[in-house]
Each structure stands twice: as C-alpha cells, then as structure tokens.
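Structure first, commentary second.
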Protein chains: 2
Amino acid sequence: MFIAMNRFKVLPGQEAAFEEIWLSRDTHLKGVPGFQSFHLLRGPKTDDHALYSSHSVWDSRAAFEAWTKSEAFRLAHRDAGSAKPIYAGHPNFEGFEVIQAVTA
Amino acid sequence: MFIAMNRFKVLPGQEAAFEEIWLSRDTHLKGVPGFQSFHLLRGPKTDDHALYSSHSVWDSRAAFEAWTKSEAFRLAHRDAGSAKPIYAGHPNFEGFEVIQAVTA
C-alpha cells in the first residue's frame with residue numbers, strides 16, 4: 001500500500017478559490033488500475049498560509065507511478081497552473097510506503 | 001472524517017531503531033470510539049533525515065481529540081521519549097479535515 005500526498009500552501013483569503021478549483025474538477029481516477037481512494041484535505045492554518053493536501057491511496061508505488069504517466073493523469077492536470085495566484089510557493093510532493101496497519 | 005498525522009524526522013542510520021520502537025509497541029487503538037484505521041508511513045529520505053509519519057483516520061476531529069484525553073492514549077504513549085536520540089527535532093503534528101472523497 002502506498003500513499004501519495006501533495007501539500008499546497010494557499011495564500012490567506014484564497015481558501016475558497018482553491019476549494020472551488022479542486023471540488024469542481026474531474027479527478028479521472030475511477031477505474032485507474034491500483035487506485036483505492038482519493039481525499040482532499042484541509043489542514044492547519046498559519047498567519048501566512050492555509051495548508052491543504054491531496055491524499056491518494058494506491059495498491060503500490062508502481063501503480064501510482066504508472067498513473068502519473070497515463071492519459072488519465074494528463075486529463076486530470078491539464079488545467080493546473082491556469083488559476084490566478086493563490087499559492088505561497090510550489091506544491092510539495094511526498095510519497096509514503098505503509099509499514100504498519102491497524103484497523104478498528 | 002478526520003486524518004491525524006504526526007511527522008517524524010529520523011536521523012540518518014536510526015531508521016531501523018525507529019521502526020523497531022514503533023512496530024513493537026501496542027497501539028491500544030482497537031475499540032477506541034470513532035477510530036477507523038492507523039498506518040505507520042515511511043516517507044522520502046534526504047541527506048539529513050528520513051521522514052516518517054503516523055497516519056490515523058477518525059470519524060471526526062472530536063473523536064480524535066477525545067482519544068488524546070483517554071487512558072488508551074496515555075498507555076500508548078507512556079514509553080515515548082525514553083529512546084536514545086534518534087530524531088532530528090520535535091515531531092510535527094497536523095490534523096486534516098476531509099473535504100472531498102473519491103473511491104475506486
């Protein structure tokens with residue numbers, strides 16, 4: 001199991017614009033091999049930004065990497081970067097391997 | 001749905017010690033109200049640290065916060081801090097509210 005997260009620092013006052021962009025797009029994730037789930041997360045807020053993160057769960061790192069080279073990925077990201085300035089810096093990608101799991 | 005993550009920067013060469021501490025402890029999470037799942041994650045490595053993160057999913061922020069005040073939480077954390085120096089700095093907690101979900 002592999003978790004891919006991309007962290008976004010959003011400028012103060014741009015939170016609604018950020019959420020509108022994300023919530024209105026098509027993720028093109030349904031049916032992608034090895035895809036388990038996607039969540040958009042709202043994190044803590046500081047004086048100079050609000051932290052958001054995308055969060056997707058995959059069967060393996062290989063399944064995630066195959067998706068990043070796919071047509072579905074290109075479609076999902078074709079409008080990225082066309083928005084007015086709402087970010088404080090570039091997004092920061094982090095991939096995580098699951099090494100322990102406990103369920104309820 | 002609420003995701004609680006605690007990020008740990010582990011000193012180079014201390015990765016095995018960190019994993020041993022975490023994988024050998026009792027999480028005391030089974031049966032906690034509102035608890036859904038826990039995962040220990042191994043993230044990217046840089047020259048001066050390896051990033052790890054705990055990752056737990058809860059029904060709500062309120063369920064997570066109730067757990068942090070419980071006896072189960074105290075039991076799960078009673079040995080924290082007793083290890084030899086394996087960390088580069090303090091852990092960094094971030095709580096996330098789920099604002100969009102897509103499943104396979």
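Letters A, B, ... mark the chains of the structure tokens in the order given; residue numbers begin at 1 per chain; ligand numbers begin at 1, in order shown.
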Those in segment 25-75 of chain B with alpha helix (DSSP H) from DSSP, as a list in words | Arg61, Ala62, Ala63, Phe64, Glu65, Ala66, Trp67, Thr68, Glu71, Ala72, Phe73, Arg74 and Leu75 of chain B
Counting only C-alpha atoms, which residues of chain A sit at most 7 Å from some atom of chain B, and what is each one's closest atom pair with its distance in Å to one decimal, listed by chain and rising residue number, as a Markdown table?
```
| residue | atom | partner | partner_atom | distance |
| --- | --- | --- | --- | --- |
| A:Lys30 | CA | B:Ala104 | CA | 5.3 |
| A:Gly31 | CA | B:Ala104 | CA | 6.3 |
| A:Phe35 | CA | B:Ala104 | CA | 6.1 |
| A:Gln36 | CA | B:Ala104 | CA | 5.1 |
| A:Ser37 | CA | B:Thr103 | CA | 4.3 |
| A:Phe38 | CA | B:Val102 | CA | 5.0 |
| A:His39 | CA | B:Ala101 | CA | 4.5 |
| A:Leu40 | CA | B:Gln100 | CA | 5.0 |
| A:Leu41 | CA | B:Val98 | CA | 4.7 |
| A:Arg42 | CA | B:Glu97 | CA | 5.1 |
| A:Gly43 | CA | B:Phe96 | CA | 4.3 |
| A:Pro44 | CA | B:Glu94 | CA | 6.5 |
| A:Glu94 | CA | B:Pro44 | CA | 6.6 |
| A:Gly95 | CA | B:Gly43 | CA | 5.8 |
| A:Phe96 | CA | B:Gly43 | CA | 4.3 |
| A:Glu97 | CA | B:Arg42 | CA | 5.1 |
| A:Val98 | CA | B:Leu41 | CA | 4.6 |
| A:Ile99 | CA | B:Leu40 | CA | 5.6 |
| A:Gln100 | CA | B:Leu40 | CA | 5.0 |
| A:Ala101 | CA | B:His39 | CA | 4.5 |
| A:Val102 | CA | B:Phe38 | CA | 4.9 |
| A:Thr103 | CA | B:Ser37 | CA | 4.3 |
| A:Ala104 | CA | B:Gln36 | CA | 5.1 |
```
Atoms to include: N, CA and C atoms. Write the selected residues as a tab-separated table (two decimals), in the first residue's frame.
```tsv
chain	number	residue	atom	x	y	z
A	30	LYS	N	-11.52	7.18	-11.29
A	30	LYS	CA	-12.33	5.94	-11.28
A	30	LYS	C	-11.79	4.98	-12.33
A	31	GLY	N	-11.55	3.73	-11.93
A	31	GLY	CA	-11.13	2.71	-12.88
A	31	GLY	C	-9.64	2.67	-13.16
A	35	PHE	N	-5.73	2.02	-8.11
A	35	PHE	CA	-6.25	3.16	-7.33
A	35	PHE	C	-7.23	2.67	-6.27
A	36	GLN	N	-7.07	3.18	-5.03
A	36	GLN	CA	-8.00	2.80	-3.96
A	36	GLN	C	-8.90	3.96	-3.55
A	37	SER	N	-8.30	5.10	-3.22
A	37	SER	CA	-9.13	6.23	-2.79
A	37	SER	C	-8.36	7.54	-2.91
A	38	PHE	N	-9.13	8.62	-3.06
A	38	PHE	CA	-8.58	9.98	-3.08
A	38	PHE	C	-9.33	10.82	-2.06
A	39	HIS	N	-8.60	11.63	-1.31
A	39	HIS	CA	-9.23	12.60	-0.42
A	39	HIS	C	-8.51	13.94	-0.55
A	40	LEU	N	-9.31	15.00	-0.55
A	40	LEU	CA	-8.73	16.34	-0.47
A	40	LEU	C	-8.85	16.78	0.99
A	41	LEU	N	-7.73	17.23	1.55
A	41	LEU	CA	-7.66	17.50	2.98
A	41	LEU	C	-7.38	18.98	3.27
A	42	ARG	N	-8.10	19.50	4.26
A	42	ARG	CA	-7.85	20.86	4.75
A	42	ARG	C	-7.08	20.75	6.06
A	43	GLY	N	-5.86	21.32	6.08
A	43	GLY	CA	-5.01	21.20	7.26
A	43	GLY	C	-4.97	22.47	8.07
A	44	PRO	N	-3.94	22.61	8.91
A	44	PRO	CA	-3.85	23.78	9.79
A	44	PRO	C	-3.55	25.07	9.02
A	94	GLU	N	5.05	14.28	-1.48
A	94	GLU	CA	5.69	13.27	-0.64
A	94	GLU	C	4.98	11.94	-0.84
A	95	GLY	N	5.74	10.90	-1.14
A	95	GLY	CA	5.19	9.55	-1.28
A	95	GLY	C	5.55	8.73	-0.05
A	96	PHE	N	4.61	7.93	0.44
A	96	PHE	CA	4.82	7.16	1.67
A	96	PHE	C	4.49	5.68	1.46
A	97	GLU	N	5.41	4.82	1.90
A	97	GLU	CA	5.15	3.38	1.94
A	97	GLU	C	4.53	3.04	3.29
A	98	VAL	N	3.46	2.26	3.28
A	98	VAL	CA	2.84	1.82	4.54
A	98	VAL	C	3.68	0.69	5.13
A	99	ILE	N	4.14	0.85	6.39
A	99	ILE	CA	4.94	-0.21	7.00
A	99	ILE	C	4.23	-0.85	8.19
A	100	GLN	N	3.09	-0.32	8.60
A	100	GLN	CA	2.29	-0.97	9.64
A	100	GLN	C	0.84	-0.52	9.48
A	101	ALA	N	-0.10	-1.44	9.67
A	101	ALA	CA	-1.52	-1.11	9.57
A	101	ALA	C	-2.29	-1.69	10.75
A	102	VAL	N	-3.16	-0.87	11.35
A	102	VAL	CA	-4.06	-1.31	12.42
A	102	VAL	C	-5.45	-0.82	12.04
A	103	THR	N	-6.43	-1.72	12.05
A	103	THR	CA	-7.79	-1.28	11.73
A	103	THR	C	-8.70	-1.49	12.93
A	104	ALA	N	-9.81	-0.77	12.92
A	104	ALA	CA	-10.73	-0.77	14.07
A	104	ALA	C	-11.35	-2.15	14.25
```
So which residues touch Ile21 of chain A within 10 Å, counting only C-alpha atoms, skipping near sequence neighbours fewer than 3 positions away, as a list in words?
->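 So the residues in contact are Ala16, Ala17, Phe18, Ser24, Arg25, Asp79, Ala80 and Ala83 of chain A.
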Using only C-alpha atoms, which residues sit within 7 Å of segment 90-92 of chain B once same-chain residues fewer than 4 positions away are excluded, as a ChimeraX atom specification?
-> /B:6-8
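Taking atom CA of Met5 of chain A and atom CA of Glu20 of chain B as endpoints, the distance between them is 24.9 Å.
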